[in-house]
Every structure is written in structure tokens, then in C-alpha cells.
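Asker: My questions will all concern the structure given below.
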Amino acid sequence: DPFVPTVIDVPAEPETEQEIENGITPNENRMKELLESYSLSDLQYVGTLEQDTLWALIRAPDSTIHRVQVGNYMGMNHGQIIAINETYLTLKEIVPEGNGYNERETTVSVVEIN
């Protein structure tokens, strides 16, 4: 019979954006630290101080010097300090990517003061 279709049309499912399910999400319930209100480009790593542990000295845009240590947060991307040495500090940031989040490591170098 020429009127019987030989191919059956199957309706395509509508495409929806998938949320990235990698288990990485920022903790929105923790209290934000002061240096999280600035972008990393506005903060300057100016040196270290050793008192029982190694502290990094960070200058905020208002010229206030803040002491931070491993575990503290800074920057606007949930950046947690994971390592400090005398020339740079390393942060683990949680950044938006697509419909989810991803982790990245960022380093902030010490700024030479003239």
C-alpha cells in the first residue's frame, strides 16, 4: 500500500540544559570573611609574618593590612587559602561554569614594595 508510512516518526525530546553534577558547590551557609568582599585583583599580597604559624599579609584597597592563614577565604569566588610561602599563596576557588561549578587553583604573588 503506497499510503502506509515506511518510516515511523519519533518525536524528539526537547533539549534541556543539564546541570553539571560533579558534587562541587560553594557553601552558601558559612559566614563570609571580610576579604571575600574584594576581587583578587584588588588585594595585594605584601609579605609574611611568622607567629607559631605562617601568616600572609594582605593589603585591602583601603590600605588596611589583614593577616590570613591556610583555611581563610579571600576573593569573590569562594577562594580558600590552601598554601602560603614567602613568594606566593595558593587558593582553591569555586567558580561558576555552565549551570554548575568547578574548582580551580589560583596563585597570588607577593607585591614588591618600593
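Identifiers in the C-alpha cells: chain A, B, ... in order shown; residue index from 1 per chain; ligand index from 1 in order shown.
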For Glu36 of chain A, please output as JSON, numbers by chain all residues within 6 Å (counting only C-alpha atoms; exclusion window: fewer than 5 positions along the same chain).
Answerer: {"A": [74, 75, 76]}
Asker: Quick one: residues within 12 Å of segment 86-89 of chain A, only C-alpha atoms counted, chain neighbours fewer than 4 positions away excluded, as a ChimeraX atom specification?
Answerer: /A:40,44-50,54-58,68-74,79-82,105-112
Asker: Would you mind exporting N, CA, C and O atoms of the selected residues as a compact mmCIF listing (two decimals), in the first residue's frame?
Answerer:
```txt
# COMPACT_ATOMS: atom_id res chain seq x y z
N LEU A 40 40.20 39.40 43.74
CA LEU A 40 41.63 39.13 43.97
C LEU A 40 42.51 40.21 43.36
O LEU A 40 43.57 40.52 43.90
N GLN A 44 46.40 42.84 47.59
CA GLN A 44 47.84 42.70 47.36
C GLN A 44 48.45 41.85 48.46
O GLN A 44 48.26 42.11 49.64
N TYR A 45 49.22 40.85 48.05
CA TYR A 45 49.98 40.02 48.98
C TYR A 45 51.29 40.74 49.21
O TYR A 45 52.11 40.88 48.31
N VAL A 46 51.51 41.24 50.43
CA VAL A 46 52.67 42.10 50.69
C VAL A 46 53.75 41.44 51.54
O VAL A 46 54.82 42.03 51.71
N GLY A 47 53.51 40.27 52.09
CA GLY A 47 54.56 39.61 52.86
C GLY A 47 54.01 38.55 53.79
O GLY A 47 52.83 38.19 53.72
N THR A 48 54.89 38.08 54.66
CA THR A 48 54.50 37.05 55.62
C THR A 48 54.92 37.47 57.03
O THR A 48 55.75 38.36 57.22
N LEU A 49 54.32 36.81 57.99
CA LEU A 49 54.63 37.02 59.40
C LEU A 49 54.60 35.64 60.04
O LEU A 49 53.67 34.86 59.79
N GLU A 50 55.61 35.32 60.85
CA GLU A 50 55.62 34.01 61.49
C GLU A 50 55.45 34.17 62.99
O GLU A 50 56.29 34.75 63.67
N LEU A 54 52.68 30.34 59.92
CA LEU A 54 52.98 31.34 58.89
C LEU A 54 51.69 32.05 58.48
O LEU A 54 50.71 31.41 58.12
N TRP A 55 51.70 33.36 58.57
CA TRP A 55 50.57 34.19 58.16
C TRP A 55 50.96 34.94 56.89
O TRP A 55 52.09 35.38 56.74
N ALA A 56 50.00 35.14 56.00
CA ALA A 56 50.19 36.00 54.84
C ALA A 56 49.61 37.37 55.19
O ALA A 56 48.60 37.46 55.88
N LEU A 57 50.27 38.41 54.74
CA LEU A 57 49.79 39.78 54.96
C LEU A 57 49.20 40.30 53.67
O LEU A 57 49.88 40.36 52.64
N ILE A 58 47.92 40.67 53.73
CA ILE A 58 47.17 41.09 52.54
C ILE A 58 46.73 42.54 52.73
O ILE A 58 46.13 42.88 53.75
N VAL A 68 46.12 36.56 57.20
CA VAL A 68 45.35 35.38 56.83
C VAL A 68 46.26 34.16 56.92
O VAL A 68 47.48 34.28 56.83
N GLN A 69 45.65 33.01 57.10
CA GLN A 69 46.41 31.77 57.15
C GLN A 69 45.69 30.72 56.31
O GLN A 69 44.60 30.96 55.79
N VAL A 70 46.31 29.55 56.19
CA VAL A 70 45.70 28.46 55.45
C VAL A 70 44.33 28.17 56.05
O VAL A 70 44.17 28.10 57.27
N GLY A 71 43.33 28.08 55.19
CA GLY A 71 41.96 27.84 55.63
C GLY A 71 41.08 29.08 55.54
O GLY A 71 39.86 28.97 55.46
N ASN A 72 41.70 30.28 55.56
CA ASN A 72 40.92 31.50 55.41
C ASN A 72 40.47 31.65 53.95
O ASN A 72 41.01 31.02 53.05
N TYR A 73 39.47 32.51 53.75
CA TYR A 73 38.91 32.76 52.43
C TYR A 73 39.21 34.19 52.00
O TYR A 73 39.25 35.10 52.83
N MET A 74 39.37 34.38 50.69
CA MET A 74 39.52 35.72 50.13
C MET A 74 39.13 35.69 48.65
O MET A 74 39.13 34.65 48.02
N GLY A 79 37.35 31.66 47.35
CA GLY A 79 38.75 31.24 47.33
C GLY A 79 39.27 30.92 48.72
O GLY A 79 39.42 31.81 49.55
N GLN A 80 39.57 29.65 48.97
CA GLN A 80 40.12 29.22 50.26
C GLN A 80 41.63 29.06 50.10
O GLN A 80 42.11 28.42 49.16
N ILE A 81 42.38 29.64 51.04
CA ILE A 81 43.83 29.56 51.00
C ILE A 81 44.24 28.14 51.36
O ILE A 81 43.86 27.62 52.41
N ILE A 82 45.03 27.50 50.47
CA ILE A 82 45.47 26.13 50.73
C ILE A 82 46.98 26.04 50.95
O ILE A 82 47.45 25.03 51.45
N GLU A 105 42.72 26.18 40.90
CA GLU A 105 43.74 26.72 41.79
C GLU A 105 44.23 28.03 41.20
O GLU A 105 44.45 28.14 39.99
N THR A 106 44.39 29.02 42.07
CA THR A 106 44.88 30.33 41.67
C THR A 106 46.03 30.71 42.59
O THR A 106 45.97 30.44 43.79
N THR A 107 47.05 31.33 42.04
CA THR A 107 48.15 31.80 42.87
C THR A 107 48.16 33.32 42.87
O THR A 107 47.82 33.96 41.88
N VAL A 108 48.55 33.87 44.00
CA VAL A 108 48.69 35.31 44.15
C VAL A 108 50.14 35.56 44.58
O VAL A 108 50.58 35.04 45.60
N SER A 109 50.87 36.30 43.76
CA SER A 109 52.28 36.56 44.03
C SER A 109 52.44 37.75 44.96
O SER A 109 51.62 38.67 44.97
N VAL A 110 53.55 37.73 45.69
CA VAL A 110 53.85 38.84 46.59
C VAL A 110 54.16 40.09 45.75
O VAL A 110 54.74 40.00 44.66
N VAL A 111 53.74 41.23 46.24
CA VAL A 111 53.96 42.50 45.56
C VAL A 111 55.19 43.17 46.17
O VAL A 111 55.29 43.27 47.40
N GLU A 112 56.10 43.59 45.34
CA GLU A 112 57.30 44.29 45.84
C GLU A 112 56.92 45.70 46.24
O GLU A 112 56.28 46.43 45.49
```
Asker: Could you list, as a ChimeraX atom specification, every residue within 8 Å of Asp42 of chain A, counting only C-alpha atoms and ignoring same-chain residues fewer than 4 positions away?
Answerer: /A:38,60-61
Asker: I want to know what sits within 6 Å of Glu93 of chain A, based on only C-alpha atoms, with residues of the same chain fewer than 2 positions away left out; could you give that as a list of chain:residue names?
Answerer: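 Residues near the query, excluding close chain neighbours: A:Asn77, A:His78, A:Gly79, A:Glu103, A:Arg104.
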Asker: Select from segment 29-71 of chain A everything DSSP, run on the backbone, classes as strand (DSSP E or B), then give the selection as a PyMOL selection string.
Answerer: chain A and resi 44-51+53-59+65-68
Asker: Could you check which of A:Val95, A:Ser41, A:Ile84, A:Asn102 is closest to Arg67 of chain A, using only C-alpha atoms?
Answerer: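 Smallest distance to Arg67 of chain A is found for A:Ile84.
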Asker: How many Å lie between atom CA of Lys92 of chain A and atom CA of Ile24 of chain A, rounded to one decimal?
Answerer: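 Taking atom CA of Lys92 of chain A and atom CA of Ile24 of chain A, their separation equals 11.9 Å.
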